[in-house]
Amino acid sequence: MRLAYRGAPFHGWQVQPGAVTVQGVIEDSLGTLMRRAVAVTGAGRTDAGVNARMMVAHVDFPDDFDPREGTFLRSLNSLCGRDIAIFSFEPVAPDAHARFDATERTYRYFVHTVKNPFTGDLSWQAPPTLDFDAMNRGAELIVGRRDFTSFSKLHTDVKTNICDLRRAVWVPEGDGRWYFEIVADRFLRNMVRAVVGTLVDVGRGKIAPEGVLAILDRKDRCAAGTSMPAGPLFLWDVTYV
């Protein structure tokens, strides 16, 4: 299943008791159509308020049922509401796994330095004096297989904080608009927003670009920058090889 969603109305992707989540809405909608409980497994777990331009998930349907036929997709989109869009279903091998088979995830964080009334909460208004060259020098230093404890939310249930970060760069779009693209095999909770917050401190001159490495070495979340707002962050793509 390939889908997208606007994160603002949801308390993240993963089902949580008493909270409206993307996974929960999709599972409830599939359950209504299939008249039975249906489990959905996503390629990742986006945090509360984070958007997804492209999320991939897998669902086990009966062998004699094809979700691509008839009005099933249209009915599912109707039940999911306006903030979730299901694009397509594709048959895969019985043992395919949306999360464990993914080889890369790409996130983008959008900012603008010139006031824009049309971005809403989907882009962060940055100071016009932000030094993006320095931010790119800092971003380049964290690429590689590293321990990203300093950029992870505390007390998570992961077995390791090691991530293979393959790309981290600020890209100009013109007219004062930029996005930060970061690609890795996996991400920790709150990791991208903490990385962006730390690089913004570099851009403001609070720390030198080389200081990002010292923050990594400390393995201490308190050493890194603030967690940036969730609205400008998008899960941009999921790669399978």
# chains A, B, ... in the order shown; residues from 1 in each chain; ligands from 1
call {"tool": "residues_around", "arguments": {"residues": "segment 174-178 of chain A", "least_positions_apart": "2", "cutoff": "10 Å", "atoms": "only C-alpha atoms", "output": "list in words"}}
result
Arg108, Tyr109, Phe110, Val111, His112, Thr113, Val114, Lys115, Asn116, Ser123, Trp124, Gln125, Ala126, Pro128, Phe132, Trp170, Val171, Pro172, Phe180 and Glu181 of chain A
call {"tool": "write_last_selection", "arguments": {"atoms": "C-alpha atoms", "output": "mmCIF file, in the first residue's frame"}}
result
data_model
loop_
_atom_site.group_PDB
_atom_site.id
_atom_site.type_symbol
_atom_site.label_atom_id
_atom_site.label_comp_id
_atom_site.auth_asym_id
_atom_site.auth_seq_id
_atom_site.Cartn_x
_atom_site.Cartn_y
_atom_site.Cartn_z
ATOM 1 C CA ARG A 108 12.797 16.626 4.063
ATOM 2 C CA TYR A 109 12.441 19.609 6.390
ATOM 3 C CA PHE A 110 11.192 22.817 4.765
ATOM 4 C CA VAL A 111 12.150 26.379 5.785
ATOM 5 C CA HIS A 112 11.746 29.834 4.306
ATOM 6 C CA THR A 113 13.570 33.089 5.064
ATOM 7 C CA VAL A 114 11.071 35.373 3.330
ATOM 8 C CA LYS A 115 7.596 35.671 4.823
ATOM 9 C CA ASN A 116 5.113 33.543 2.888
ATOM 10 C CA SER A 123 7.481 25.367 6.421
ATOM 11 C CA TRP A 124 9.391 27.034 9.255
ATOM 12 C CA GLN A 125 10.134 30.756 8.923
ATOM 13 C CA ALA A 126 13.878 31.026 9.499
ATOM 14 C CA PRO A 128 17.072 35.843 7.082
ATOM 15 C CA PHE A 132 23.274 27.861 5.185
ATOM 16 C CA TRP A 170 20.452 21.951 2.705
ATOM 17 C CA VAL A 171 19.061 22.566 -0.787
ATOM 18 C CA PRO A 172 17.957 26.013 -2.086
ATOM 19 C CA PHE A 180 17.003 19.925 4.421
ATOM 20 C CA GLU A 181 17.206 16.431 2.939
#
call {"tool": "select_by_dssp", "arguments": {"residues": "segment 47-233 of chain A", "states": "alpha helix (DSSP H)", "output": "count of residues only"}}
result
40
call {"tool": "closest_residue", "arguments": {"among": "A:Ala168, A:Leu199, A:Val59, A:Val92", "to": "Gly144 of chain A", "atoms": "only C-alpha atoms"}}
result
A:Ala168
call {"tool": "residues_around", "arguments": {"residues": "segment 201-216 of chain A", "least_positions_apart": "3", "cutoff": "7 Å", "atoms": "only C-alpha atoms", "output": "number ranges by chain"}}
result
A: 130-132, 134-135, 137-138, 141-142, 148, 150, 197-198, 219, 223-225
call {"tool": "select_by_dssp", "arguments": {"residues": "segment 11-190 of chain A", "states": "strand (DSSP E)", "output": "VMD selection string"}}
result
chain A and resid 40 to 42 51 to 59 84 to 88 102 to 112 124 to 125 144 to 147 162 to 174 177 to 184
call {"tool": "atom_distance", "arguments": {"atom1": "atom CA of Val195 of chain A", "atom2": "atom CA of Ala85 of chain A"}}
result
28.6 Å
call {"tool": "residues_around", "arguments": {"residues": "segment 70-72 of chain A", "least_positions_apart": "2", "cutoff": "12 Å", "atoms": "only C-alpha atoms", "output": "list in words"}}
result
Ser29, Leu30, Thr32, Leu33, Met34, Phe65, Asp66, Pro67, Arg68, Arg74, Ser75, Leu76, Asn77, Ser78, Leu79, Ile86, Phe87, Ser88 and Phe89 of chain A
call {"tool": "residues_around", "arguments": {"residues": "Asn51 of chain A", "least_positions_apart": "2", "cutoff": "12 Å", "atoms": "only C-alpha atoms", "output": "number ranges by chain"}}
result
A: 3-13, 22, 45-49, 53-55, 83-85, 107-110, 121-123, 229-237
call {"tool": "write_last_selection", "arguments": {"atoms": "C-alpha atoms", "output": "PDB file, in the first residue's frame"}}
result
ATOM      1  CA  LEU A   3      -0.137   6.422   0.805  1.00  0.00           C
ATOM      2  CA  ALA A   4       0.390   9.964   2.033  1.00  0.00           C
ATOM      3  CA  TYR A   5      -0.972  11.917   4.968  1.00  0.00           C
ATOM      4  CA  ARG A   6      -0.997  15.303   6.635  1.00  0.00           C
ATOM      5  CA  GLY A   7       0.349  14.810  10.130  1.00  0.00           C
ATOM      6  CA  ALA A   8      -1.274  17.690  12.008  1.00  0.00           C
ATOM      7  CA  PRO A   9      -4.521  15.888  13.017  1.00  0.00           C
ATOM      8  CA  PHE A  10      -2.739  12.726  14.190  1.00  0.00           C
ATOM      9  CA  HIS A  11      -0.702  11.633  17.173  1.00  0.00           C
ATOM     10  CA  GLY A  12       1.833  10.006  14.866  1.00  0.00           C
ATOM     11  CA  TRP A  13       1.638   6.867  12.763  1.00  0.00           C
ATOM     12  CA  VAL A  22      -2.751   7.268  10.993  1.00  0.00           C
ATOM     13  CA  ARG A  45       6.759   5.408  12.751  1.00  0.00           C
ATOM     14  CA  THR A  46       6.441   9.125  12.112  1.00  0.00           C
ATOM     15  CA  ASP A  47       6.018  11.298  15.214  1.00  0.00           C
ATOM     16  CA  ALA A  48       2.984  13.384  16.092  1.00  0.00           C
ATOM     17  CA  GLY A  49       2.354  16.105  13.511  1.00  0.00           C
ATOM     18  CA  ARG A  53       4.555  12.481   1.156  1.00  0.00           C
ATOM     19  CA  MET A  54       5.101   8.755   0.635  1.00  0.00           C
ATOM     20  CA  MET A  55       4.561   6.034   3.215  1.00  0.00           C
ATOM     21  CA  ASP A  83      -6.007  13.946   5.665  1.00  0.00           C
ATOM     22  CA  ILE A  84      -5.025  10.479   4.398  1.00  0.00           C
ATOM     23  CA  ALA A  85      -4.688   9.490   0.739  1.00  0.00           C
ATOM     24  CA  TYR A 107      13.037  12.973   5.046  1.00  0.00           C
ATOM     25  CA  ARG A 108      12.797  16.626   4.063  1.00  0.00           C
ATOM     26  CA  TYR A 109      12.441  19.609   6.390  1.00  0.00           C
ATOM     27  CA  PHE A 110      11.192  22.817   4.765  1.00  0.00           C
ATOM     28  CA  ASP A 121       2.675  25.227   9.232  1.00  0.00           C
ATOM     29  CA  LEU A 122       4.342  23.213   6.449  1.00  0.00           C
ATOM     30  CA  SER A 123       7.481  25.367   6.421  1.00  0.00           C
ATOM     31  CA  PRO A 229       8.309  22.047  14.921  1.00  0.00           C
ATOM     32  CA  ALA A 230       6.806  18.910  13.369  1.00  0.00           C
ATOM     33  CA  GLY A 231       4.706  20.515  10.616  1.00  0.00           C
ATOM     34  CA  PRO A 232       7.545  21.273   8.148  1.00  0.00           C
ATOM     35  CA  LEU A 233       8.880  17.692   8.322  1.00  0.00           C
ATOM     36  CA  PHE A 234       7.921  15.155   5.643  1.00  0.00           C
ATOM     37  CA  LEU A 235       8.739  11.494   5.205  1.00  0.00           C
ATOM     38  CA  TRP A 236       9.613  11.983   1.563  1.00  0.00           C
ATOM     39  CA  ASP A 237      10.381   8.531   0.233  1.00  0.00           C
TER      40      ASP A 237
END
call {"tool": "closest_residue", "arguments": {"among": "A:Ile26, A:Leu154, A:Met1, A:Val15", "to": "Arg221 of chain A", "atoms": "only C-alpha atoms"}}
result
A:Leu154
call {"tool": "closest_residue", "arguments": {"among": "A:Asp217, A:Glu173, A:Asp133, A:Asp95", "to": "Phe151 of chain A", "atoms": "only C-alpha atoms"}}
result
A:Asp217
call {"tool": "atom_distance", "arguments": {"atom1": "atom CA of Ser227 of chain A", "atom2": "atom CA of Phe187 of chain A"}}
result
14.7 Å
